[in-house]
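Dropping protein03.cif in here (mmCIF, C-alpha atoms):
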```cif
data_my_file
loop_
_atom_site.label_atom_id
_atom_site.label_comp_id
_atom_site.auth_asym_id
_atom_site.auth_seq_id
_atom_site.Cartn_x
_atom_site.Cartn_y
_atom_site.Cartn_z
CA MET A 21 24.78 -34.29 126.09
CA THR A 22 23.40 -37.80 125.91
CA ARG A 23 19.87 -38.34 127.18
CA ILE A 24 17.78 -41.46 127.64
CA HIS A 25 14.87 -41.77 125.25
CA LYS A 26 11.61 -43.22 126.57
CA HIS A 27 10.72 -46.71 125.41
CA ALA A 28 7.39 -48.46 125.56
CA ALA A 29 6.21 -49.41 129.03
CA LEU A 30 7.31 -52.78 130.37
CA THR A 31 5.18 -55.70 129.27
CA ALA A 32 2.17 -56.25 131.52
CA GLY A 33 2.45 -59.32 133.67
CA PHE A 34 5.75 -58.63 135.45
CA LEU A 35 5.20 -59.27 139.14
CA LEU A 36 6.90 -57.79 142.17
CA LEU A 37 9.57 -60.20 143.34
CA ALA A 38 8.19 -61.75 146.51
CA SER A 39 11.10 -63.99 147.41
CA GLY A 40 12.88 -62.75 150.51
CA LEU A 41 10.30 -60.00 151.11
CA SER A 42 7.64 -62.01 152.90
CA SER A 43 7.93 -59.82 155.99
CA CYS A 44 7.44 -56.62 154.01
CA THR A 45 4.30 -54.58 153.55
CA LEU A 46 3.29 -54.15 149.92
CA LEU A 47 1.71 -50.82 149.02
CA PRO A 48 -0.36 -50.49 145.83
CA ALA A 49 1.00 -48.57 142.87
CA SER A 50 -0.58 -45.37 141.65
CA SER A 51 -1.15 -44.92 137.93
CA SER A 52 -0.44 -41.21 137.73
CA GLY A 53 1.75 -38.57 139.28
CA SER A 54 0.63 -36.25 142.06
CA PRO A 55 -0.88 -32.99 140.75
CA ASP A 56 1.45 -30.95 142.96
CA THR A 57 4.62 -32.60 141.65
CA PRO A 58 6.88 -29.87 140.18
CA ARG A 59 7.46 -30.19 136.45
CA SER A 60 11.18 -29.40 136.42
CA LEU A 61 13.82 -31.78 137.75
CA GLY A 62 15.53 -29.07 139.76
CA ALA A 63 12.28 -28.03 141.44
CA ARG A 64 11.49 -31.65 142.32
CA MET A 65 14.94 -32.12 143.89
CA GLU A 66 14.45 -29.00 145.98
CA LYS A 67 10.96 -30.09 147.02
CA HIS A 68 12.15 -33.51 148.20
CA THR A 69 14.90 -32.00 150.34
CA GLU A 70 12.63 -29.25 151.69
CA VAL A 71 10.01 -31.78 152.80
CA LEU A 72 12.58 -34.05 154.44
CA GLN A 73 14.77 -31.37 155.99
CA LYS A 74 12.33 -28.60 156.89
CA ASP A 75 8.82 -30.04 157.01
CA ILE A 76 9.76 -33.34 158.70
CA GLY A 77 13.08 -32.41 160.27
CA PRO A 78 15.62 -34.66 162.03
CA ARG A 79 15.04 -38.33 161.22
CA ASN A 80 16.62 -41.17 163.16
CA ALA A 81 15.77 -44.13 165.39
CA ARG A 82 15.31 -41.79 168.36
CA GLN A 83 12.57 -39.96 166.44
CA PRO A 84 10.51 -42.77 164.90
CA LYS A 85 7.52 -40.55 164.11
CA SER A 86 9.74 -38.44 161.85
CA MET A 87 11.10 -41.61 160.25
CA GLU A 88 7.55 -42.77 159.65
CA ALA A 89 6.64 -39.43 158.03
CA ALA A 90 9.72 -39.55 155.80
CA ALA A 91 9.03 -43.14 154.76
CA LYS A 92 5.45 -42.22 153.96
CA TYR A 93 6.59 -39.30 151.79
CA ILE A 94 9.13 -41.40 149.87
CA ALA A 95 6.68 -44.28 149.44
CA GLY A 96 4.05 -41.85 148.16
CA SER A 97 6.52 -40.34 145.70
CA PHE A 98 7.44 -43.77 144.31
CA SER A 99 3.75 -44.72 144.13
CA ASP A 100 2.88 -41.52 142.26
CA MET A 101 5.41 -42.58 139.61
CA GLY A 102 3.54 -45.86 139.18
CA TYR A 103 5.82 -48.14 141.19
CA ALA A 104 4.60 -50.78 143.62
CA VAL A 105 6.26 -50.08 146.97
CA THR A 106 7.35 -52.39 149.76
CA LEU A 107 8.18 -51.41 153.33
CA GLN A 108 10.91 -53.58 154.81
CA PRO A 109 11.04 -53.52 158.64
CA VAL A 110 14.27 -52.37 160.27
CA SER A 111 14.84 -52.65 164.01
CA GLY A 112 14.82 -49.50 166.09
CA GLY A 113 11.15 -48.61 166.13
CA ASP A 114 8.09 -50.14 167.78
CA ALA A 115 5.49 -51.64 165.43
CA LYS A 116 3.02 -52.17 168.28
CA LYS A 117 3.06 -48.45 169.04
CA GLY A 118 2.80 -47.56 165.37
CA THR A 119 6.38 -46.31 165.20
CA ALA A 120 8.02 -49.04 163.14
CA ILE A 121 11.04 -48.06 161.06
CA TYR A 122 11.23 -49.24 157.45
CA ASN A 123 13.36 -49.35 154.36
CA VAL A 124 11.31 -48.12 151.40
CA LEU A 125 11.98 -50.06 148.22
CA VAL A 126 10.69 -50.71 144.74
CA TYR A 127 11.58 -53.52 142.39
CA LYS A 128 11.91 -52.87 138.66
CA PRO A 129 11.97 -56.25 136.87
CA GLY A 130 14.36 -56.87 134.02
CA LEU A 131 13.48 -58.33 130.64
CA TYR A 132 14.90 -61.75 131.50
CA SER A 133 13.49 -64.15 134.06
CA ASN A 134 16.68 -64.59 136.09
CA ASN A 135 17.82 -63.13 139.38
CA GLN A 136 20.63 -60.91 138.11
CA SER A 137 20.08 -57.51 139.66
CA ILE A 138 21.65 -54.22 140.64
CA VAL A 139 20.83 -52.20 143.74
CA VAL A 140 20.60 -48.40 143.80
CA GLY A 141 20.30 -46.97 147.29
CA ALA A 142 20.47 -43.91 149.52
CA ASN A 143 19.57 -43.32 153.15
CA TYR A 144 16.65 -41.06 154.05
CA ASP A 145 17.43 -40.62 157.75
CA SER A 146 19.68 -37.88 159.06
CA SER A 147 22.52 -37.23 161.44
CA GLU A 148 23.54 -33.91 162.93
CA ARG A 149 26.01 -33.44 160.08
CA LEU A 150 23.82 -34.59 157.18
CA ASN A 151 20.19 -33.65 157.53
CA ASN A 152 19.13 -32.73 154.01
CA GLY A 153 17.65 -35.78 152.27
CA SER A 154 19.46 -35.06 149.01
CA GLY A 155 20.55 -38.69 148.59
CA ALA A 156 16.91 -39.76 148.79
CA ALA A 157 16.03 -37.03 146.27
CA LEU A 158 18.63 -38.43 143.84
CA LEU A 159 17.17 -41.90 144.36
CA LEU A 160 13.63 -40.75 143.61
CA GLU A 161 14.56 -38.81 140.50
CA THR A 162 16.73 -41.53 138.95
CA ALA A 163 13.89 -43.99 139.60
CA ARG A 164 11.50 -41.58 137.90
CA GLY A 165 13.76 -41.30 134.86
CA LEU A 166 13.94 -45.09 134.50
CA LYS A 167 10.31 -45.93 135.23
CA ASP A 168 9.28 -46.84 131.68
CA ILE A 169 12.66 -47.83 130.27
CA PRO A 170 13.25 -51.61 129.93
CA THR A 171 16.53 -53.06 131.19
CA ASN A 172 17.99 -56.54 130.86
CA HIS A 173 18.56 -56.93 134.59
CA ASN A 174 16.41 -56.19 137.62
CA ILE A 175 16.85 -52.95 139.57
CA TYR A 176 16.12 -52.47 143.25
CA PHE A 177 15.73 -48.83 144.32
CA VAL A 178 16.07 -48.68 148.11
CA ALA A 179 15.70 -45.76 150.55
CA TYR A 180 17.48 -46.94 153.70
CA ALA A 181 16.58 -46.28 157.30
CA ASN A 182 19.37 -45.84 159.87
CA GLY A 183 22.10 -45.19 157.32
CA ALA A 184 23.29 -41.70 158.20
CA GLU A 185 25.02 -42.85 161.37
CA PRO A 186 27.69 -45.43 160.40
CA ALA A 187 27.81 -46.93 163.91
CA SER A 188 24.13 -47.92 163.79
CA ALA A 189 23.76 -51.65 164.42
CA SER A 190 20.30 -51.67 162.82
CA SER A 191 21.35 -50.27 159.45
CA GLY A 192 18.67 -50.56 156.78
CA ALA A 193 21.37 -51.28 154.19
CA SER A 194 22.56 -54.24 156.25
CA VAL A 195 19.01 -55.59 156.47
CA HIS A 196 18.45 -55.26 152.72
CA ALA A 197 21.87 -56.62 151.72
CA LYS A 198 21.50 -59.75 153.85
CA THR A 199 17.86 -60.34 152.89
CA LEU A 200 18.42 -59.92 149.16
CA SER A 201 21.62 -61.94 149.04
CA GLY A 202 19.91 -64.69 151.01
CA SER A 203 17.00 -64.63 148.58
CA ILE A 204 18.65 -64.46 145.15
CA GLY A 205 22.29 -65.18 146.06
CA ALA A 206 25.08 -62.62 146.42
CA ALA A 207 26.54 -63.72 143.06
CA ASN A 208 23.36 -62.52 141.35
CA ILE A 209 23.74 -59.00 142.76
CA LEU A 210 25.88 -57.56 139.98
CA GLY A 211 26.64 -54.40 141.91
CA MET A 212 25.38 -51.81 144.37
CA ILE A 213 25.32 -48.07 143.53
CA ASN A 214 25.26 -45.83 146.61
CA LEU A 215 24.05 -42.25 146.09
CA GLU A 216 25.79 -39.97 148.55
CA PRO A 217 24.11 -36.69 149.65
CA GLN A 218 24.97 -33.28 148.22
CA GLU A 219 25.00 -29.88 149.85
CA LEU A 220 21.76 -27.93 149.73
CA ALA A 221 22.77 -24.37 148.85
CA ALA A 222 24.66 -23.44 145.69
CA ALA A 223 28.23 -22.23 146.05
CA ALA A 224 27.27 -18.59 145.42
CA GLU A 225 24.76 -18.77 148.26
CA GLN A 226 27.37 -20.28 150.57
CA LYS A 227 30.04 -17.77 149.52
CA GLN A 228 32.30 -20.69 148.66
CA PRO A 229 34.06 -21.37 145.34
CA GLU A 230 32.65 -24.00 143.00
CA PRO A 231 34.79 -26.96 141.97
CA GLU A 232 37.29 -25.84 139.36
CA SER A 233 35.91 -28.18 136.72
CA PRO A 234 33.15 -30.79 136.31
CA GLN A 235 35.86 -33.46 136.40
CA GLU A 236 36.67 -32.51 139.99
CA ALA A 237 33.01 -32.26 140.98
CA VAL A 238 32.14 -35.96 140.90
CA LEU A 239 33.99 -38.75 142.66
CA PHE A 240 33.43 -42.51 142.45
CA MET A 241 34.54 -44.57 145.44
CA THR A 242 34.90 -48.35 145.38
CA THR A 243 36.86 -51.30 146.70
CA LEU A 244 39.44 -53.19 144.65
CA ARG A 245 36.84 -55.93 144.24
CA GLY A 246 34.46 -53.35 142.79
CA LYS A 247 37.02 -51.90 140.37
CA GLU A 248 35.48 -53.57 137.33
CA PHE A 249 31.97 -52.54 138.34
CA ALA A 250 33.13 -48.95 138.90
CA GLY A 251 34.55 -48.97 135.38
CA GLN A 252 31.23 -50.20 134.00
CA CYS A 253 29.54 -47.31 135.81
CA ALA A 254 32.09 -44.71 134.74
CA THR A 255 31.81 -45.38 130.99
CA PRO A 256 28.15 -44.31 130.48
CA PHE A 257 28.42 -41.66 133.20
CA THR A 258 31.35 -40.07 131.40
CA LYS A 259 29.44 -40.03 128.11
CA SER A 260 26.62 -38.02 129.69
CA TRP A 261 28.68 -35.89 132.07
CA GLU A 262 31.34 -35.32 129.41
CA GLN A 263 34.06 -35.80 132.00
CA ALA A 264 35.49 -38.97 133.52
CA PRO A 265 35.00 -39.05 137.30
CA PRO A 266 38.12 -39.90 139.29
CA THR A 267 37.73 -43.25 141.05
CA PHE A 268 39.11 -43.68 144.54
CA HIS A 269 39.75 -47.25 145.70
CA ARG A 270 39.25 -47.95 149.40
CA GLU A 271 39.81 -50.88 151.70
CA PRO A 272 36.50 -52.44 152.78
CA SER A 273 37.30 -51.49 156.39
CA ALA A 274 37.45 -47.83 155.36
CA ILE A 275 33.92 -47.71 153.95
CA ALA A 276 31.43 -45.84 156.14
CA GLY A 277 28.46 -45.60 153.75
CA ASN A 278 25.54 -47.86 152.90
CA ASP A 279 27.74 -49.73 150.43
CA ARG A 280 29.86 -51.26 153.20
CA HIS A 281 27.16 -53.82 153.98
CA TYR A 282 27.15 -55.09 150.39
CA ALA A 283 30.93 -55.01 150.08
CA ALA A 284 31.12 -57.18 153.23
CA LEU A 285 29.22 -59.86 151.30
CA GLY A 286 31.64 -59.71 148.38
CA ILE A 287 29.28 -57.64 146.21
CA PRO A 288 30.90 -54.98 143.95
CA THR A 289 29.96 -51.46 145.00
CA VAL A 290 30.45 -47.87 143.91
CA SER A 291 29.54 -44.70 145.82
CA CYS A 292 28.80 -41.58 143.79
CA LEU A 293 29.58 -38.22 145.38
CA CYS A 294 28.89 -34.84 143.74
CA LYS A 295 30.38 -31.62 145.08
CA TYR A 296 27.77 -29.40 143.42
CA ALA A 297 24.80 -28.38 145.54
CA ILE A 298 21.32 -29.48 144.51
CA THR A 299 20.43 -25.85 143.74
CA ASP A 300 23.31 -25.61 141.27
CA SER A 301 22.47 -25.84 137.58
CA HIS A 302 24.95 -28.72 137.22
CA THR A 303 22.80 -30.96 139.41
CA GLU A 304 20.24 -31.61 136.67
CA ASP A 305 23.09 -32.80 134.44
CA TYR A 306 24.34 -34.97 137.31
CA VAL A 307 20.94 -36.63 137.77
CA HIS A 308 20.67 -37.28 134.02
CA ALA A 309 24.17 -38.77 134.00
CA LEU A 310 23.30 -41.04 136.95
CA THR A 311 20.11 -42.13 135.19
CA ASP A 312 21.98 -42.94 131.99
CA MET A 313 24.58 -44.80 134.04
CA ILE A 314 22.05 -46.94 135.91
CA HIS A 315 20.26 -47.72 132.66
CA GLN A 316 23.40 -48.90 130.91
CA VAL A 317 24.73 -50.88 133.89
CA ALA A 318 21.38 -52.67 134.21
CA ASP A 319 21.71 -53.58 130.52
CA ASN A 320 25.36 -54.61 130.79
CA ASP A 321 26.12 -58.08 129.42
CA VAL A 322 29.85 -57.60 128.85
CA PRO A 323 31.81 -60.76 129.79
CA LYS A 324 34.20 -60.51 132.70
CA PRO A 325 37.91 -59.97 131.87
CA GLU A 326 38.88 -63.48 132.98
CA LYS A 327 36.56 -64.90 130.35
CA HIS A 328 38.32 -62.83 127.72
CA ALA A 329 41.66 -64.08 128.99
CA ALA A 330 40.55 -67.71 128.86
CA ALA A 331 39.31 -67.24 125.30
CA ASP A 332 42.58 -65.60 124.26
CA GLN A 333 44.59 -68.49 125.65
CA LYS A 334 42.69 -70.94 123.44
CA LYS A 335 43.48 -68.98 120.29
CA PRO A 336 46.26 -70.50 118.11
#
```

Kindly transcribe the structure held in the file into structure tokens.
Amino acid sequence: MTRIHKHAALTAGFLLLASGLSSCTLLPASSSGSPDTPRSLGARMEKHTEVLQKDIGPRNARQPKSMEAAAKYIAGSFSDMGYAVTLQPVSGGDAKKGTAIYNVLVYKPGLYSNNQSIVVGANYDSSERLNNGSGAALLLETARGLKDIPTNHNIYFVAYANGAEPASASSGASVHAKTLSGSIGAANILGMINLEPQELAAAAEQKQPEPESPQEAVLFMTTLRGKEFAGQCATPFTKSWEQAPPTFHREPSAIAGNDRHYAALGIPTVSCLCKYAITDSHTEDYVHALTDMIHQVADNDVPKPEKHAAADQKKP
């Protein structure tokens, strides 16, 4: 199975992109990992979900203290990897009472000094139905895998507040999508990758059958506008996962996840859903495949099909 090989650390001197983030709080980066960080990927995934689900518990705008604790944990995890962290205010809390609600994000600069970027996001809050934090765990571990690997384009890793309840008017994804598109231009956001949560317990623990094959275990969901972007994501993912994920095309009005706020701005999106539980042995392969996918998409300089068509028309 394909794996990413570590490259040299990014050249010193890259700065955190400040444009559009003037209202955010910048937290300093840490130079080393926490001593209690588990060494294995599977153990780290389980720790993230245990802290969010069991230690912190339900997290939503009605429980801002829990949201604050979750944001602090995620920010600390990013910082332990060596990332500089920003906290982006989202309405629903009360800053004066110390219960502000934030998106937690890090910016990984690309090798070129332009604004072309991809966004990788997952919500860290919970609803009654989804209260496990596994999407945030996927976000943290893909960010960890890419920390010291250069990419051509910028990557924003974003843990969203108020994303588990689709009806929320103060969605963190909406705040980030509008702020970033207003800052660098929607055309410079090459695509948004939404990491959907997984179940917590493995199938054997739940007394339920596993998916019949790895091909059935992962689903990509996109809009027709995001079809090309989904294809760019599927190619490297398939190489690592060794199976092509089926891609389901939805109307923008049918999207209920974080990606809907980017799709509404005309930005290509793809949501990644895995049917394996985080305790299943396949999950480590899934995280590696996502990491490979994000790496390759952030390096992608393939011309758009219409450019190919125009070039073909000029040929004698």

For the atom pair CA of Pro265 in chain A and CA of Glu236 in chain A, what is the interatomic distance in Å to one decimal place? 7.3 Å

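CA of Tyr176 in chain A is positioned 4.7 Å from CA of Val139 in chain A.
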
Tell me which protein, DNA and RNA residues are within 12 Å of Val317 in chain A, counting all atoms listed in the file, leaving out same-chain ones fewer than 4 positions away, and put them as a ChimeraX atom specification. /A:130,136-140,171-175,210-213,248-257,290,310-313,321-322

Output file for the selection above: C-alpha atoms, as a PDB file, in the coordinates of the input:
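Contents of the output file out25.pdb:
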```
ATOM      1  CA  GLY A 130      14.360 -56.870 134.020  1.00  0.00           C
ATOM      2  CA  GLN A 136      20.630 -60.910 138.110  1.00  0.00           C
ATOM      3  CA  SER A 137      20.080 -57.510 139.660  1.00  0.00           C
ATOM      4  CA  ILE A 138      21.650 -54.220 140.640  1.00  0.00           C
ATOM      5  CA  VAL A 139      20.830 -52.200 143.740  1.00  0.00           C
ATOM      6  CA  VAL A 140      20.600 -48.400 143.800  1.00  0.00           C
ATOM      7  CA  THR A 171      16.530 -53.060 131.190  1.00  0.00           C
ATOM      8  CA  ASN A 172      17.990 -56.540 130.860  1.00  0.00           C
ATOM      9  CA  HIS A 173      18.560 -56.930 134.590  1.00  0.00           C
ATOM     10  CA  ASN A 174      16.410 -56.190 137.620  1.00  0.00           C
ATOM     11  CA  ILE A 175      16.850 -52.950 139.570  1.00  0.00           C
ATOM     12  CA  LEU A 210      25.880 -57.560 139.980  1.00  0.00           C
ATOM     13  CA  GLY A 211      26.640 -54.400 141.910  1.00  0.00           C
ATOM     14  CA  MET A 212      25.380 -51.810 144.370  1.00  0.00           C
ATOM     15  CA  ILE A 213      25.320 -48.070 143.530  1.00  0.00           C
ATOM     16  CA  GLU A 248      35.480 -53.570 137.330  1.00  0.00           C
ATOM     17  CA  PHE A 249      31.970 -52.540 138.340  1.00  0.00           C
ATOM     18  CA  ALA A 250      33.130 -48.950 138.900  1.00  0.00           C
ATOM     19  CA  GLY A 251      34.550 -48.970 135.380  1.00  0.00           C
ATOM     20  CA  GLN A 252      31.230 -50.200 134.000  1.00  0.00           C
ATOM     21  CA  CYS A 253      29.540 -47.310 135.810  1.00  0.00           C
ATOM     22  CA  ALA A 254      32.090 -44.710 134.740  1.00  0.00           C
ATOM     23  CA  THR A 255      31.810 -45.380 130.990  1.00  0.00           C
ATOM     24  CA  PRO A 256      28.150 -44.310 130.480  1.00  0.00           C
ATOM     25  CA  PHE A 257      28.420 -41.660 133.200  1.00  0.00           C
ATOM     26  CA  VAL A 290      30.450 -47.870 143.910  1.00  0.00           C
ATOM     27  CA  LEU A 310      23.300 -41.040 136.950  1.00  0.00           C
ATOM     28  CA  THR A 311      20.110 -42.130 135.190  1.00  0.00           C
ATOM     29  CA  ASP A 312      21.980 -42.940 131.990  1.00  0.00           C
ATOM     30  CA  MET A 313      24.580 -44.800 134.040  1.00  0.00           C
ATOM     31  CA  ASP A 321      26.120 -58.080 129.420  1.00  0.00           C
ATOM     32  CA  VAL A 322      29.850 -57.600 128.850  1.00  0.00           C
TER      33      VAL A 322
END
```

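The residue that comes closest to Val105 in chain A, out of A:Val307, A:Lys259, A:Val126, A:Asp319 and on the basis of all atoms listed in the file, is A:Val126.
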
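The residue that comes closest to Ala193 in chain A, out of A:Gly77, A:Gly155, A:Gly277, A:Pro266 and on the basis of only C-alpha atoms, is A:Gly277.
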
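Across the model, the gap from CA of Gly192 in chain A to CA of Ala179 in chain A is 8.4 Å.
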
Restore all heavy atoms in range 262-272 of chain A and list the result as a tab-separated table (two decimals), in the coordinates of the input.
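Everything below was put into selection37.tsv:
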```
chain	number	residue	atom	x	y	z
A	262	GLU	N	30.30	-35.85	130.29
A	262	GLU	CA	31.34	-35.32	129.41
A	262	GLU	C	32.68	-35.14	130.12
A	262	GLU	O	33.56	-34.45	129.64
A	262	GLU	CB	30.89	-34.01	128.75
A	262	GLU	CG	29.65	-34.20	127.87
A	262	GLU	CD	29.17	-32.89	127.24
A	262	GLU	OE1	29.63	-31.82	127.67
A	262	GLU	OE2	28.34	-32.97	126.34
A	263	GLN	N	32.79	-35.77	131.29
A	263	GLN	CA	34.06	-35.80	132.00
A	263	GLN	C	34.14	-37.12	132.75
A	263	GLN	O	33.14	-37.58	133.30
A	263	GLN	CB	34.17	-34.65	133.02
A	263	GLN	CG	34.30	-33.26	132.41
A	263	GLN	CD	35.71	-32.97	131.96
A	263	GLN	OE1	36.61	-33.77	132.16
A	263	GLN	NE2	35.92	-31.82	131.34
A	264	ALA	N	35.32	-37.72	132.78
A	264	ALA	CA	35.49	-38.97	133.52
A	264	ALA	C	35.65	-38.67	135.01
A	264	ALA	O	36.50	-37.87	135.39
A	264	ALA	CB	36.71	-39.71	133.01
A	265	PRO	N	34.84	-39.29	135.86
A	265	PRO	CA	35.00	-39.05	137.30
A	265	PRO	C	36.22	-39.79	137.83
A	265	PRO	O	36.46	-40.95	137.47
A	265	PRO	CB	33.71	-39.64	137.89
A	265	PRO	CG	33.31	-40.70	136.93
A	265	PRO	CD	33.73	-40.22	135.57
A	266	PRO	N	37.03	-39.16	138.67
A	266	PRO	CA	38.12	-39.90	139.29
A	266	PRO	C	37.55	-40.99	140.20
A	266	PRO	O	36.51	-40.80	140.82
A	266	PRO	CB	38.87	-38.83	140.11
A	266	PRO	CG	38.07	-37.59	140.04
A	266	PRO	CD	36.97	-37.76	139.08
A	267	THR	N	38.21	-42.14	140.23
A	267	THR	CA	37.73	-43.25	141.05
A	267	THR	C	38.75	-43.52	142.15
A	267	THR	O	39.93	-43.74	141.88
A	267	THR	CB	37.53	-44.52	140.20
A	267	THR	OG1	36.55	-44.24	139.19
A	267	THR	CG2	37.02	-45.67	141.06
A	268	PHE	N	38.27	-43.47	143.37
A	268	PHE	CA	39.11	-43.68	144.54
A	268	PHE	C	38.85	-45.07	145.10
A	268	PHE	O	37.69	-45.42	145.39
A	268	PHE	CB	38.80	-42.62	145.60
A	268	PHE	CG	39.56	-42.77	146.88
A	268	PHE	CD1	40.94	-42.66	146.89
A	268	PHE	CD2	38.91	-43.01	148.08
A	268	PHE	CE1	41.66	-42.80	148.07
A	268	PHE	CE2	39.61	-43.15	149.26
A	268	PHE	CZ	40.99	-43.03	149.26
A	269	HIS	N	39.89	-45.89	145.21
A	269	HIS	CA	39.75	-47.25	145.70
A	269	HIS	C	40.05	-47.31	147.20
A	269	HIS	O	41.09	-46.83	147.66
A	269	HIS	CB	40.71	-48.19	144.95
A	269	HIS	CG	40.43	-48.25	143.49
A	269	HIS	ND1	41.16	-47.56	142.56
A	269	HIS	CD2	39.46	-48.92	142.80
A	269	HIS	CE1	40.68	-47.79	141.35
A	269	HIS	NE2	39.65	-48.61	141.47
A	270	ARG	N	39.11	-47.88	147.95
A	270	ARG	CA	39.25	-47.95	149.40
A	270	ARG	C	39.31	-49.40	149.87
A	270	ARG	O	38.80	-50.31	149.22
A	270	ARG	CB	38.04	-47.29	150.08
A	270	ARG	CG	37.78	-45.86	149.67
A	270	ARG	CD	36.40	-45.43	150.13
A	270	ARG	NE	35.35	-46.18	149.45
A	270	ARG	CZ	34.05	-46.08	149.71
A	270	ARG	NH1	33.65	-45.26	150.65
A	270	ARG	NH2	33.16	-46.79	149.04
A	271	GLU	N	39.88	-49.59	151.04
A	271	GLU	CA	39.81	-50.88	151.70
A	271	GLU	C	38.40	-51.04	152.26
A	271	GLU	O	37.80	-50.05	152.71
A	271	GLU	CB	40.83	-50.97	152.84
A	271	GLU	CG	42.28	-50.98	152.37
A	271	GLU	CD	42.59	-52.22	151.54
A	271	GLU	OE1	42.02	-53.30	151.83
A	271	GLU	OE2	43.40	-52.10	150.59
A	272	PRO	N	37.85	-52.25	152.25
A	272	PRO	CA	36.50	-52.44	152.78
A	272	PRO	C	36.34	-51.89	154.20
A	272	PRO	O	35.28	-51.36	154.55
A	272	PRO	CB	36.33	-53.96	152.75
A	272	PRO	CG	37.21	-54.41	151.63
A	272	PRO	CD	38.40	-53.49	151.67
```
